[in-house]
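For reference, final-v8.txt is printed below; it contains compact mmCIF, C-alpha atoms.
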```txt
# COMPACT_ATOMS: atom_id res chain seq x y z
CA MET L 1 73.17 273.87 25.80
CA GLY L 2 73.38 270.40 24.36
CA ASP L 3 75.11 267.05 24.61
CA ASP L 4 78.81 266.62 24.27
CA ILE L 5 79.56 264.50 21.20
CA MET L 6 81.97 262.44 23.28
CA SER L 7 79.11 261.01 25.32
CA TYR L 8 77.33 259.66 22.22
CA ASN L 9 79.43 256.55 21.96
CA GLY L 10 81.00 256.83 25.38
CA GLY L 11 84.07 254.90 26.33
CA VAL L 12 87.33 255.49 28.07
CA ALA L 13 90.98 254.49 27.84
CA LEU L 14 93.84 254.58 30.31
CA ALA L 15 97.57 254.04 29.97
CA MET L 16 100.20 253.69 32.68
CA LYS L 17 103.94 253.17 32.86
CA GLY L 18 105.91 250.63 34.86
CA LYS L 19 109.53 249.49 34.88
CA GLU L 20 110.25 248.03 31.46
CA CYS L 21 106.55 247.46 31.00
CA VAL L 22 103.62 249.59 30.01
CA ALA L 23 99.88 249.02 30.15
CA ILE L 24 96.92 250.28 28.18
CA ALA L 25 93.31 249.53 29.03
CA CYS L 26 89.90 250.41 27.67
CA ASP L 27 86.27 249.58 28.26
CA LYS L 28 84.19 247.88 25.59
CA ARG L 29 81.95 250.62 24.29
CA TYR L 30 84.32 252.47 22.04
CA GLY L 31 84.35 252.61 18.26
CA VAL L 32 86.99 254.64 16.48
CA GLN L 33 87.10 252.81 13.19
CA THR L 34 87.80 255.54 10.65
CA VAL L 35 90.80 256.98 12.42
CA SER L 36 92.32 253.60 13.28
CA GLU L 37 91.86 252.44 9.66
CA ARG L 38 93.47 255.56 8.26
CA LEU L 39 96.31 255.29 10.77
CA ARG L 40 96.79 251.61 9.94
CA PHE L 41 97.04 252.58 6.27
CA ARG L 42 99.77 255.10 7.00
CA THR L 43 101.71 252.80 9.33
CA ASN L 44 101.61 249.95 6.82
CA LEU L 45 102.86 252.25 4.10
CA TYR L 46 105.63 253.48 6.40
CA GLU L 47 106.76 249.97 7.26
CA LEU L 48 106.82 248.95 3.61
CA ARG L 49 108.64 252.07 2.49
CA GLU L 50 111.17 252.16 5.32
CA GLN L 51 111.52 248.38 5.70
CA ARG L 52 111.45 248.58 9.46
CA LYS L 53 108.97 248.53 12.30
CA LEU L 54 107.81 251.94 13.40
CA LYS L 55 108.81 253.26 16.78
CA PRO L 56 106.32 254.64 19.34
CA LEU L 57 107.28 258.27 18.73
CA VAL L 58 106.84 257.83 14.97
CA LEU L 59 103.37 256.39 15.48
CA TYR L 60 102.51 259.25 17.80
CA ASN L 61 103.72 261.85 15.32
CA MET L 62 101.72 260.17 12.57
CA LEU L 63 98.59 260.18 14.69
CA THR L 64 98.88 263.81 15.76
CA ASN L 65 99.59 264.85 12.18
CA LEU L 66 96.53 262.92 11.02
CA LEU L 67 94.37 264.59 13.65
CA TYR L 68 95.78 268.08 13.11
CA GLU L 69 95.14 267.88 9.36
CA ARG L 70 91.50 268.01 10.38
CA ARG L 71 92.00 270.96 12.70
CA PHE L 72 88.90 272.69 11.36
CA GLY L 73 86.74 269.59 10.97
CA PRO L 74 88.02 267.24 13.63
CA TYR L 75 87.36 263.59 14.24
CA PHE L 76 85.73 262.89 17.60
CA VAL L 77 88.65 260.90 18.85
CA TYR L 78 90.92 261.32 21.85
CA ALA L 79 93.85 258.98 21.62
CA LEU L 80 96.60 257.32 23.63
CA VAL L 81 99.81 255.92 22.22
CA ILE L 82 101.95 253.53 24.24
CA GLY L 83 105.11 251.69 23.39
CA LEU L 84 108.23 250.02 24.66
CA ASP L 85 111.69 249.94 23.13
CA PRO L 86 112.71 246.26 23.26
CA LYS L 87 116.41 247.17 23.35
CA THR L 88 116.54 249.86 26.02
CA GLY L 89 113.35 248.96 27.87
CA GLU L 90 112.27 252.58 27.71
CA THR L 91 108.53 253.06 27.96
CA TYR L 92 106.32 255.54 26.17
CA VAL L 93 102.90 256.91 27.08
CA PHE L 94 101.47 259.78 25.04
CA ASP L 95 98.03 261.35 24.84
CA SER L 96 96.34 263.64 22.38
CA ASP L 97 93.14 265.63 22.12
CA ASN L 98 90.87 265.50 19.05
CA ILE L 99 92.98 267.96 17.08
CA GLY L 100 96.38 266.44 17.78
CA ALA L 101 97.79 268.36 20.75
CA ILE L 102 101.23 266.95 21.47
CA SER L 103 102.01 265.65 24.94
CA ASP L 104 105.24 264.74 26.65
CA ASN L 105 106.12 261.18 27.47
CA VAL L 106 104.05 260.91 30.67
CA ASN L 107 103.58 258.39 33.48
CA LEU L 108 99.82 258.23 33.24
CA ALA L 109 97.29 259.32 30.67
CA THR L 110 93.58 258.83 30.25
CA VAL L 111 91.03 259.95 27.70
CA GLY L 112 87.29 259.47 27.28
CA THR L 113 84.03 260.01 29.12
CA ALA L 114 85.21 258.70 32.52
CA SER L 115 88.68 260.22 32.28
CA ASP L 116 87.94 262.85 34.95
CA TYR L 117 87.35 260.14 37.55
CA ILE L 118 90.09 257.86 36.28
CA PHE L 119 92.68 260.61 36.50
CA GLY L 120 92.17 260.72 40.25
CA LEU L 121 92.24 256.97 40.70
CA GLY L 122 95.19 256.57 38.37
CA GLU L 123 97.19 259.13 40.34
CA LEU L 124 96.38 257.23 43.52
CA PHE L 125 97.40 253.79 42.28
CA PHE L 126 100.39 254.88 40.22
CA LYS L 127 103.87 254.62 41.65
CA PRO L 128 107.18 254.69 39.82
CA ASN L 129 108.88 251.49 38.64
CA MET L 130 106.03 249.01 39.07
CA ASN L 131 106.54 245.47 37.79
CA ALA L 132 104.16 243.96 35.25
CA ASP L 133 101.79 242.43 37.84
CA GLU L 134 101.58 245.57 39.96
CA LEU L 135 101.05 247.61 36.83
CA PHE L 136 98.20 245.38 35.71
CA GLU L 137 96.40 245.66 39.06
CA ALA L 138 96.88 249.42 39.26
CA THR L 139 95.65 249.99 35.73
CA SER L 140 92.69 247.61 36.05
CA GLN L 141 91.44 248.93 39.37
CA ALA L 142 91.76 252.57 38.28
CA LEU L 143 89.80 251.82 35.12
CA LEU L 144 87.08 249.59 36.61
CA ASN L 145 86.31 251.84 39.56
CA GLY L 146 86.26 254.93 37.37
CA VAL L 147 84.05 253.32 34.75
CA ASP L 148 81.48 252.27 37.36
CA ARG L 149 80.71 255.93 38.05
CA ASP L 150 80.25 256.75 34.37
CA SER L 151 77.01 255.81 32.64
CA ALA L 152 78.48 256.21 29.18
CA SER L 153 81.26 253.66 29.54
CA GLY L 154 81.61 250.18 30.96
CA TRP L 155 80.54 246.69 29.88
CA GLY L 156 83.76 245.04 30.96
CA ALA L 157 87.26 246.00 30.00
CA VAL L 158 90.41 244.83 28.24
CA VAL L 159 93.91 245.42 29.59
CA TYR L 160 97.07 245.06 27.52
CA VAL L 161 100.36 244.81 29.40
CA VAL L 162 103.33 245.22 27.10
CA GLU L 163 106.68 243.82 28.13
CA LYS L 164 109.94 243.38 26.23
CA ASP L 165 109.11 239.97 24.82
CA LYS L 166 105.36 239.65 25.15
CA VAL L 167 101.99 241.32 25.31
CA THR L 168 99.49 239.99 27.84
CA VAL L 169 95.87 240.67 27.03
CA ARG L 170 93.41 240.21 29.87
CA GLU L 171 89.67 240.61 29.76
CA LEU L 172 88.18 241.91 32.96
CA LYS L 173 84.87 241.25 34.62
CA GLY L 174 82.83 244.42 34.82
CA ARG L 175 79.24 245.52 35.34
CA GLN L 176 76.96 244.86 32.39
CA ASP L 177 74.70 247.87 32.82
CA MET E 1 95.45 253.28 -7.55
CA SER E 2 93.28 256.34 -7.35
CA GLY E 3 92.05 255.07 -4.01
CA ILE E 4 95.57 254.98 -2.65
CA ALA E 5 96.42 258.40 -4.06
CA PHE E 6 93.33 259.76 -2.35
CA GLU E 7 94.51 258.47 1.02
CA GLN E 8 97.97 259.97 0.63
CA PRO E 9 98.23 263.11 2.75
CA ALA E 10 98.80 266.05 0.41
CA GLY E 11 99.80 268.45 3.17
CA GLY E 12 97.77 271.29 4.59
CA PHE E 13 94.41 271.12 6.29
CA VAL E 14 91.62 268.74 5.31
CA PHE E 15 88.04 269.94 5.53
CA ASP E 16 86.05 266.80 4.76
CA ASN E 17 84.52 266.48 8.25
CA CYS E 18 83.46 270.12 8.44
CA ARG E 19 79.97 269.78 6.99
CA ARG E 20 79.14 266.82 9.25
CA ASN E 21 80.45 268.63 12.33
CA ASP E 22 78.56 271.78 11.36
CA ILE E 23 75.28 269.88 11.16
CA LEU E 24 75.99 268.25 14.52
CA LEU E 25 76.68 271.66 16.03
CA LYS E 26 73.43 273.04 14.63
CA ASN E 27 71.61 270.16 16.35
CA ASN E 28 73.06 271.25 19.69
CA VAL E 29 75.75 268.59 19.82
CA LEU E 30 78.87 269.98 21.45
CA PRO E 31 82.30 269.05 20.20
CA GLY E 32 84.72 267.56 22.74
CA LYS E 33 86.98 269.72 24.87
CA ILE E 34 90.28 270.60 23.28
CA HIS E 35 93.44 271.11 25.29
CA LYS E 36 94.38 274.65 26.19
CA THR E 37 97.71 275.68 27.56
CA GLY E 38 95.88 278.06 29.97
CA THR E 39 99.15 279.67 30.49
CA THR E 40 101.39 282.32 31.78
CA ILE E 41 104.24 283.18 29.44
CA ALA E 42 106.54 286.16 29.87
CA ALA E 43 109.58 287.67 28.21
CA ILE E 44 111.79 290.65 28.98
CA THR E 45 114.87 292.18 27.39
CA TYR E 46 117.90 293.03 29.48
CA LYS E 47 121.38 294.37 28.85
CA ASP E 48 122.77 291.40 26.89
CA GLY E 49 119.70 289.61 25.55
CA VAL E 50 116.33 288.24 26.56
CA VAL E 51 114.93 286.19 29.42
CA ILE E 52 111.82 284.12 28.73
CA ALA E 53 109.75 281.99 31.06
CA ALA E 54 106.61 279.86 31.05
CA ASP E 55 104.64 277.80 33.52
CA SER E 56 104.11 274.09 32.81
CA ARG E 57 100.39 273.37 33.22
CA CYS E 58 98.11 272.04 30.48
CA THR E 59 94.37 272.05 31.09
CA ALA E 60 91.21 270.71 29.45
CA GLY E 61 88.36 272.55 31.17
CA ASN E 62 89.14 272.35 34.87
CA ILE E 63 91.15 269.14 34.63
CA ILE E 64 94.91 269.49 34.77
CA PHE E 65 95.93 267.28 31.89
CA ASP E 66 99.66 267.53 32.29
CA ASP E 67 101.80 269.31 34.88
CA ASN E 68 105.10 269.17 33.03
CA VAL E 69 104.60 270.81 29.65
CA LEU E 70 107.32 272.74 27.86
CA LYS E 71 105.73 275.82 26.34
CA ILE E 72 108.99 277.17 25.00
CA HIS E 73 109.36 276.10 21.37
CA ARG E 74 112.53 276.29 19.31
CA LEU E 75 112.25 278.18 16.03
CA SER E 76 115.98 278.35 15.27
CA ASP E 77 119.23 278.50 17.23
CA ASN E 78 118.74 282.20 17.91
CA ILE E 79 114.95 282.43 17.97
CA TYR E 80 112.48 280.88 20.40
CA ALA E 81 108.71 281.11 20.77
CA LEU E 82 106.43 280.94 23.78
CA GLY E 83 102.95 279.61 23.09
CA ALA E 84 99.61 280.19 24.78
CA GLY E 85 96.09 279.27 23.71
CA THR E 86 95.14 276.07 21.88
CA SER E 87 97.87 273.47 22.52
CA ALA E 88 97.72 271.80 19.14
CA ASP E 89 97.93 275.10 17.28
CA CYS E 90 100.96 276.24 19.27
CA ASP E 91 102.71 272.89 18.77
CA PHE E 92 102.10 272.58 15.05
CA GLN E 93 102.45 276.20 13.97
CA THR E 94 105.80 276.56 15.74
CA ARG E 95 106.95 273.28 14.22
CA LEU E 96 105.93 274.48 10.77
CA LEU E 97 107.71 277.79 11.27
CA GLU E 98 110.80 276.03 12.59
CA SER E 99 111.14 273.99 9.41
CA GLN E 100 110.54 277.03 7.19
CA LEU E 101 113.20 279.02 9.02
CA GLU E 102 115.68 276.15 8.81
CA LEU E 103 115.20 275.99 5.04
CA LEU E 104 115.54 279.75 4.79
CA LYS E 105 118.76 279.61 6.79
CA LEU E 106 120.19 276.94 4.50
CA ASN E 107 119.14 278.79 1.35
CA GLN E 108 120.54 282.14 2.43
CA ASP E 109 123.48 280.77 4.39
CA ARG E 110 122.81 283.35 7.12
CA GLN E 111 121.31 283.37 10.54
CA VAL E 112 117.57 284.10 10.36
CA ARG E 113 116.29 287.36 11.82
CA VAL E 114 113.55 287.68 14.38
CA ALA E 115 111.63 290.06 12.11
CA THR E 116 111.52 287.34 9.43
CA ALA E 117 110.09 284.76 11.80
CA VAL E 118 107.49 287.21 13.08
CA ARG E 119 106.41 288.34 9.62
CA LYS E 120 106.13 284.76 8.36
CA ILE E 121 103.87 283.62 11.20
CA GLN E 122 101.94 286.89 11.12
CA GLN E 123 101.03 286.48 7.47
CA HIS E 124 100.15 282.83 8.01
CA LEU E 125 97.86 283.56 10.95
CA PHE E 126 96.22 286.49 9.15
CA ARG E 127 95.30 284.21 6.25
CA TYR E 128 93.44 281.98 8.70
CA ARG E 129 91.50 284.97 10.12
CA GLY E 130 92.11 284.13 13.75
CA TYR E 131 90.86 280.53 13.59
CA ILE E 132 94.34 279.23 14.44
CA GLY E 133 94.27 279.93 18.18
CA ALA E 134 97.96 280.50 18.78
CA TYR E 135 99.01 283.41 20.97
CA LEU E 136 102.75 283.54 20.50
CA ILE E 137 105.60 285.51 21.96
CA ILE E 138 108.57 285.34 19.63
CA VAL E 139 111.96 286.28 21.03
CA GLY E 140 115.41 286.19 19.60
CA VAL E 141 118.83 287.67 19.17
CA ASP E 142 120.14 288.52 15.71
CA VAL E 143 122.46 290.98 13.93
CA THR E 144 120.09 293.85 14.71
CA GLY E 145 119.96 293.19 18.46
CA SER E 146 117.60 291.38 20.81
CA HIS E 147 113.86 291.47 20.21
CA ILE E 148 110.55 290.46 21.74
CA ALA E 149 107.40 290.35 19.64
CA THR E 150 103.91 289.30 20.56
CA VAL E 151 101.72 287.81 17.85
CA HIS E 152 97.97 287.32 18.18
CA PRO E 153 95.79 284.81 16.30
CA HIS E 154 94.37 287.46 13.94
CA GLY E 155 97.86 288.47 12.86
CA SER E 156 98.41 291.67 14.83
CA ILE E 157 101.91 292.08 16.26
CA ALA E 158 103.87 294.35 18.56
CA PHE E 159 107.58 294.58 19.24
CA LEU E 160 108.02 295.43 22.92
CA PRO E 161 110.77 295.59 25.55
CA PHE E 162 108.76 293.21 27.76
CA VAL E 163 105.50 291.33 27.52
CA ALA E 164 103.42 288.66 29.22
CA SER E 165 100.53 286.68 27.82
CA GLY E 166 98.10 283.86 28.54
CA SER E 167 95.44 283.52 31.23
CA GLY E 168 97.94 284.65 33.89
CA GLY E 169 99.49 287.26 31.64
CA TYR E 170 97.99 290.34 33.29
CA THR E 171 99.14 289.21 36.72
CA SER E 172 102.68 288.74 35.48
CA LEU E 173 102.62 291.91 33.44
CA SER E 174 101.71 294.02 36.44
CA VAL E 175 104.74 292.72 38.32
CA ILE E 176 107.02 293.40 35.35
CA GLU E 177 105.49 296.86 34.73
CA ASP E 178 106.19 297.77 38.34
CA ARG E 179 109.86 296.88 38.42
CA TYR E 180 111.16 296.92 34.86
CA LYS E 181 114.20 299.09 34.13
CA GLU E 182 116.20 299.39 30.96
CA ASN E 183 119.59 297.66 30.83
CA MET E 184 119.07 295.33 33.79
CA THR E 185 121.72 292.75 34.63
CA GLU E 186 121.06 289.08 33.93
CA ASP E 187 120.43 288.30 37.58
CA GLU E 188 117.99 291.19 37.95
CA ALA E 189 116.15 290.15 34.81
CA LYS E 190 115.90 286.51 35.91
CA GLN E 191 114.65 287.54 39.34
CA LEU E 192 112.01 289.82 37.84
CA VAL E 193 110.71 287.18 35.44
CA ARG E 194 110.71 284.60 38.21
CA ASP E 195 108.70 286.90 40.50
CA ALA E 196 106.28 287.68 37.68
CA LEU E 197 105.63 284.00 37.03
CA TYR E 198 105.44 283.18 40.70
CA ALA E 199 102.67 285.77 41.04
CA SER E 200 100.60 284.22 38.28
CA THR E 201 101.24 280.54 39.01
CA THR E 202 100.05 281.06 42.57
CA THR E 203 96.94 283.08 41.68
CA ASP E 204 95.82 281.97 38.20
CA LEU E 205 94.02 278.61 38.28
CA TYR E 206 95.12 277.68 34.78
CA SER E 207 98.82 278.27 35.39
CA GLY E 208 100.94 276.33 37.79
CA SER E 209 103.43 273.60 38.75
CA LYS E 210 106.83 274.72 37.48
CA ILE E 211 108.57 277.75 36.04
CA ASN E 212 110.70 276.97 33.00
CA MET E 213 113.15 279.65 31.94
CA PHE E 214 115.55 280.32 29.03
CA VAL E 215 118.18 283.04 28.92
CA LEU E 216 119.19 283.89 25.37
CA THR E 217 122.06 286.14 24.33
CA LYS E 218 124.31 286.45 21.28
CA GLU E 219 126.82 284.12 22.91
CA LYS E 220 124.78 281.59 24.82
CA LEU E 221 121.50 279.91 25.60
CA ASP E 222 120.95 278.89 29.23
CA LYS E 223 118.07 276.54 29.86
CA PHE E 224 116.54 276.20 33.30
CA LEU E 225 114.15 273.24 33.20
CA PRO E 226 112.73 273.92 35.66
CA TYR E 227 113.98 277.18 37.13
CA GLU E 228 111.74 276.69 40.12
CA ILE E 229 109.11 274.19 41.20
CA VAL E 230 106.38 276.41 42.57
CA ALA E 231 104.16 273.67 43.90
CA ALA E 232 105.66 270.21 44.19
CA ARG E 233 103.47 267.13 44.47
CA THR E 234 103.60 265.82 47.99
CA GLU E 235 104.59 262.27 48.85
CA LYS E 236 101.71 259.83 49.12
CA GLN E 237 100.63 259.35 52.70
CA ALA E 238 100.11 255.62 52.33
CA ASP E 239 101.18 252.76 50.09
CA TYR E 240 98.33 251.83 47.76
CA THR E 241 100.03 248.90 46.05
CA LEU E 242 97.38 246.33 45.18
CA ALA E 243 97.92 242.66 45.90
CA LYS E 244 98.35 240.34 42.95
CA GLY E 245 95.01 238.78 42.03
CA THR E 246 92.86 241.71 43.19
CA THR E 247 91.22 242.10 39.82
CA GLU E 248 88.91 239.39 38.53
CA VAL E 249 90.15 238.23 35.13
CA ILE E 250 87.87 236.44 32.65
CA SER E 251 90.47 235.41 30.12
CA THR E 252 94.19 235.80 29.52
CA ASN E 253 95.95 235.72 26.19
CA VAL E 254 99.70 236.06 25.81
CA LYS E 255 101.20 237.15 22.51
CA LYS E 256 104.92 236.75 21.98
CA ILE E 257 106.58 239.70 20.28
CA GLU E 258 108.48 238.83 17.14
CA PHE E 259 111.64 240.82 16.74
CA ASP E 260 113.02 242.45 13.66
CA ILE E 261 116.41 241.03 12.77
CA VAL E 262 118.54 244.13 12.54
CA ASN E 263 121.72 242.42 11.37
CA GLU E 264 122.95 238.89 10.88
CA LYS E 265 126.57 237.82 11.15
CA VAL E 266 127.98 234.63 9.70
CA LYS E 267 131.14 233.61 11.50
CA ALA E 268 133.70 231.55 9.66
CA THR E 269 134.98 228.77 11.90
CA GLY E 270 138.01 227.85 9.77
CA ALA E 271 139.44 228.59 6.34
CA HIS E 272 139.16 225.05 4.85
CA GLU E 273 135.60 224.51 6.03
CA ALA E 274 134.63 227.58 4.06
CA MET E 275 136.53 226.19 1.08
CA GLU E 276 134.69 222.88 1.29
CA LEU E 277 131.35 224.64 1.34
CA ALA E 278 132.32 226.68 -1.66
```
Write-out of the structure in structure tokens:
Amino acid sequence: MGDDIMSYNGGVALAMKGKECVAIACDKRYGVQTVSERLRFRTNLYELREQRKLKPLVLYNMLTNLLYERRFGPYFVYALVIGLDPKTGETYVFDSDNIGAISDNVNLATVGTASDYIFGLGELFFKPNMNADELFEATSQALLNGVDRDSASGWGAVVYVVEKDKVTVRELKGRQD
Amino acid sequence: MSGIAFEQPAGGFVFDNCRRNDILLKNNVLPGKIHKTGTTIAAITYKDGVVIAADSRCTAGNIIFDDNVLKIHRLSDNIYALGAGTSADCDFQTRLLESQLELLKLNQDRQVRVATAVRKIQQHLFRYRGYIGAYLIIVGVDVTGSHIATVHPHGSIAFLPFVASGSGGYTSLSVIEDRYKENMTEDEAKQLVRDALYASTTTDLYSGSKINMFVLTKEKLDKFLPYEIVAARTEKQADYTLAKGTTEVISTNVKKIEFDIVNEKVKATGAHEAMELA
């Protein structure tokens, strides 16, 4: 038939939930500029109009609405939304396909070219109520080992671990081929 | 200013990527896989109302994307919809219909009828000539009794005493066809729907995990989430917790989160101090 458009740029992202912490990770071959710019525009407008920070579910609804508007001429973007409520400590992980399919708040989500492999690894390393360090290791190892079996993604990775009072950004060593 | 106005969503679909995507498609570039519910959904009427049920699996190709999806969508207090087909279409079209029905209810100051909901979505889907891939079963109880309607993407409908749809629909339907009687009791109806979904979740690859069920009558709505877990995930056979420091890190950067101040309180320590300050 032909090539899947998703393998043109390649790239993969993974998100996982812990106890009062949540992690999101991606490799370094992804470019989703148009959608992220348009979303940034809408979130900025929201924050100015409402005079408050937007909550994870609001961001997710905005994103899915943005994607579903282009139901018949979609962007080539599969997205993850993560968040943490600083008051309750509740964590949020959502995923969406390229036309804005709505997901539940899940424990583990992955999108991109290596997502088929990473799903398996993620399920293996995930366990409920991990602390921030355990969550980082689980997320990183699931991503790195999945990415190594995918030619279209790789070149190192970045992992964000979100906790109540801070976000830790770690760059990981990965294969450069 | 015109730039900002251009970015403002006006509502409705946007078609500005269509030409690009069309050209890509003509050059043999495949679009990415979209999520399908790959479903079994079923509904039957009984003596006092309707019983509806759905499995909880969401697939993209052969990958199970989510094993805990709720495919029963609220349209109004007395009307619910079951969705099969393209996930995004089911989610958004039922949401759209829900808001329209709520406005209608407020305008008319009456409970909305099932026929209204069905006709509204039917006309909407017909306008889009089947491109909105939502296979819906709309059920409800109103002043005219309890109803089940099935709506297809092209806009064809049928009001039936029982129906099943989705990839596992035929499997379920055969079970219901075999044992359906008019005026069943609630327990009989629940058992029949459960057996119908059990048949399809165990045989259809794109249906599985759990059976969610709603029982809707004039008086009540019972939700069973889930009614039955058909195939539970087994416990892991070993502990795969990774030791701290397993992953080689090149650089670490910690960003403190700044909080929004939600409210500020100034406490007066004594009456005269306040006076002095004034």
Write out as JSON lines a residue-level contact list of chain E versus chain L with cut-off 7 Å: for each qualifying residue the closest pair of atoms and the distance in Å to one decimal, counting all atoms listed in the file, rows sorted by chain and residue number upward.
```
{"residue": "E:Gly12", "atom": "CA", "partner": "L:Glu69", "partner_atom": "CA", "distance": 6.4}
{"residue": "E:Phe13", "atom": "CA", "partner": "L:Glu69", "partner_atom": "CA", "distance": 4.5}
{"residue": "E:Val14", "atom": "CA", "partner": "L:Arg70", "partner_atom": "CA", "distance": 5.1}
{"residue": "E:Phe15", "atom": "CA", "partner": "L:Gly73", "partner_atom": "CA", "distance": 5.6}
{"residue": "E:Asp16", "atom": "CA", "partner": "L:Gly73", "partner_atom": "CA", "distance": 6.8}
{"residue": "E:Asn17", "atom": "CA", "partner": "L:Gly73", "partner_atom": "CA", "distance": 4.7}
{"residue": "E:Cys18", "atom": "CA", "partner": "L:Gly73", "partner_atom": "CA", "distance": 4.2}
{"residue": "E:Asn21", "atom": "CA", "partner": "L:Gly73", "partner_atom": "CA", "distance": 6.5}
{"residue": "E:Asn28", "atom": "CA", "partner": "L:Gly2", "partner_atom": "CA", "distance": 4.8}
{"residue": "E:Val29", "atom": "CA", "partner": "L:Asp3", "partner_atom": "CA", "distance": 5.1}
{"residue": "E:Leu30", "atom": "CA", "partner": "L:Asp4", "partner_atom": "CA", "distance": 4.4}
{"residue": "E:Pro31", "atom": "CA", "partner": "L:Ile5", "partner_atom": "CA", "distance": 5.4}
{"residue": "E:Gly32", "atom": "CA", "partner": "L:Met6", "partner_atom": "CA", "distance": 5.8}
{"residue": "E:Ile34", "atom": "CA", "partner": "L:Asp97", "partner_atom": "CA", "distance": 5.9}
{"residue": "E:His35", "atom": "CA", "partner": "L:Asp97", "partner_atom": "CA", "distance": 6.3}
{"residue": "E:Val69", "atom": "CA", "partner": "L:Asp104", "partner_atom": "CA", "distance": 6.8}
{"residue": "E:Ser87", "atom": "CA", "partner": "L:Ala101", "partner_atom": "CA", "distance": 5.4}
{"residue": "E:Ala88", "atom": "CA", "partner": "L:Ala101", "partner_atom": "CA", "distance": 3.8}
{"residue": "E:Asp91", "atom": "CA", "partner": "L:Ile102", "partner_atom": "CA", "distance": 6.7}
{"residue": "E:Tyr240", "atom": "CA", "partner": "L:Phe125", "partner_atom": "CA", "distance": 5.9}
{"residue": "E:Thr241", "atom": "CA", "partner": "L:Phe125", "partner_atom": "CA", "distance": 6.7}
{"residue": "E:Leu242", "atom": "CA", "partner": "L:Glu137", "partner_atom": "CA", "distance": 6.2}
{"residue": "E:Lys244", "atom": "CA", "partner": "L:Asp133", "partner_atom": "CA", "distance": 6.5}
{"residue": "E:Thr246", "atom": "CA", "partner": "L:Glu137", "partner_atom": "CA", "distance": 6.7}
{"residue": "E:Thr247", "atom": "CA", "partner": "L:Glu137", "partner_atom": "CA", "distance": 6.3}
{"residue": "E:Glu248", "atom": "CA", "partner": "L:Lys173", "partner_atom": "CA", "distance": 5.9}
{"residue": "E:Val249", "atom": "CA", "partner": "L:Leu172", "partner_atom": "CA", "distance": 4.7}
{"residue": "E:Ile250", "atom": "CA", "partner": "L:Glu171", "partner_atom": "CA", "distance": 5.4}
{"residue": "E:Ser251", "atom": "CA", "partner": "L:Glu171", "partner_atom": "CA", "distance": 5.3}
{"residue": "E:Thr252", "atom": "CA", "partner": "L:Arg170", "partner_atom": "CA", "distance": 4.5}
{"residue": "E:Asn253", "atom": "CA", "partner": "L:Val169", "partner_atom": "CA", "distance": 5.0}
{"residue": "E:Val254", "atom": "CA", "partner": "L:Thr168", "partner_atom": "CA", "distance": 4.4}
{"residue": "E:Lys255", "atom": "CA", "partner": "L:Val167", "partner_atom": "CA", "distance": 5.1}
{"residue": "E:Lys256", "atom": "CA", "partner": "L:Lys166", "partner_atom": "CA", "distance": 4.3}
{"residue": "E:Ile257", "atom": "CA", "partner": "L:Lys166", "partner_atom": "CA", "distance": 5.0}
```
Exercise. Might you pull out every residue within 10 Å of E:Leu101, with all atoms listed in the file counted and same-chain residues fewer than 5 positions away left off, and present them as a PyMOL selection string?
Key: chain E and resi 75-76+79+95-96+106-107+111-113+116-117+120
Residues as selected, C-alpha atoms, written as a compact mmCIF listing (two decimals), in the frame of the given file, can you do that?
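What ended up in selection-v6.txt:
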```txt
# COMPACT_ATOMS: atom_id res chain seq x y z
CA LEU E 75 112.25 278.18 16.03
CA SER E 76 115.98 278.35 15.27
CA ILE E 79 114.95 282.43 17.97
CA ARG E 95 106.95 273.28 14.22
CA LEU E 96 105.93 274.48 10.77
CA LEU E 106 120.19 276.94 4.50
CA ASN E 107 119.14 278.79 1.35
CA GLN E 111 121.31 283.37 10.54
CA VAL E 112 117.57 284.10 10.36
CA ARG E 113 116.29 287.36 11.82
CA THR E 116 111.52 287.34 9.43
CA ALA E 117 110.09 284.76 11.80
CA LYS E 120 106.13 284.76 8.36
```
Quiz item: Distance atom CA of L:Gly89-atom CA of L:Tyr60, one decimal place?
Solution: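 According to the coordinates, atom CA of L:Gly89 and atom CA of L:Tyr60 are separated by 18.0 Å.
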Exercise. Could you tell me how far atom CA of E:Tyr180 lies from atom CA of E:Leu70, in Å and to one decimal?
Key: 25.5 Å
Self-check item: Point-to-point distance in Å for atom CA of E:Thr144 and atom CA of E:Asp48
Solution: 12.7 Å
Quiz prompt | Contact residues around E:Ser174 with all atoms listed in the file at 12 Å, ignoring same-chain residues under 4 positions, as a count of residues only | solution = 18
Exercise. Skip L:Arg175 itself and residues of its chain fewer than 3 positions away, then list as a ChimeraX atom specification all residues within 12 Å of it, counting only C-alpha atoms.
Key: /L:27-28,144-151,153-157,172 /E:248
Exercise. May I ask which of the residues L:Leu121, L:Ala132, L:Ala79, L:Ala152 is the closest one to L:Val35, counting all atoms listed in the file?
Key: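 The closest residue to L:Val35 is L:Ala79.
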Need the shell around E:Arg110: protein/DNA/RNA residues with any atom at most 12 Å away, counting all atoms listed in the file. Skip same-chain ones fewer than 5 positions apart. Format as a PDB file with C-alpha atoms, in the coordinates of the input?
```
ATOM      1  CA  SER E  76     115.980 278.350  15.270  1.00  0.00           C
ATOM      2  CA  ASP E  77     119.230 278.500  17.230  1.00  0.00           C
ATOM      3  CA  ASN E  78     118.740 282.200  17.910  1.00  0.00           C
ATOM      4  CA  LEU E 101     113.200 279.020   9.020  1.00  0.00           C
ATOM      5  CA  GLU E 102     115.680 276.150   8.810  1.00  0.00           C
ATOM      6  CA  LEU E 103     115.200 275.990   5.040  1.00  0.00           C
ATOM      7  CA  LEU E 104     115.540 279.750   4.790  1.00  0.00           C
ATOM      8  CA  LYS E 105     118.760 279.610   6.790  1.00  0.00           C
ATOM      9  CA  ASP E 142     120.140 288.520  15.710  1.00  0.00           C
ATOM     10  CA  VAL E 143     122.460 290.980  13.930  1.00  0.00           C
TER      11      VAL E 143
END
```
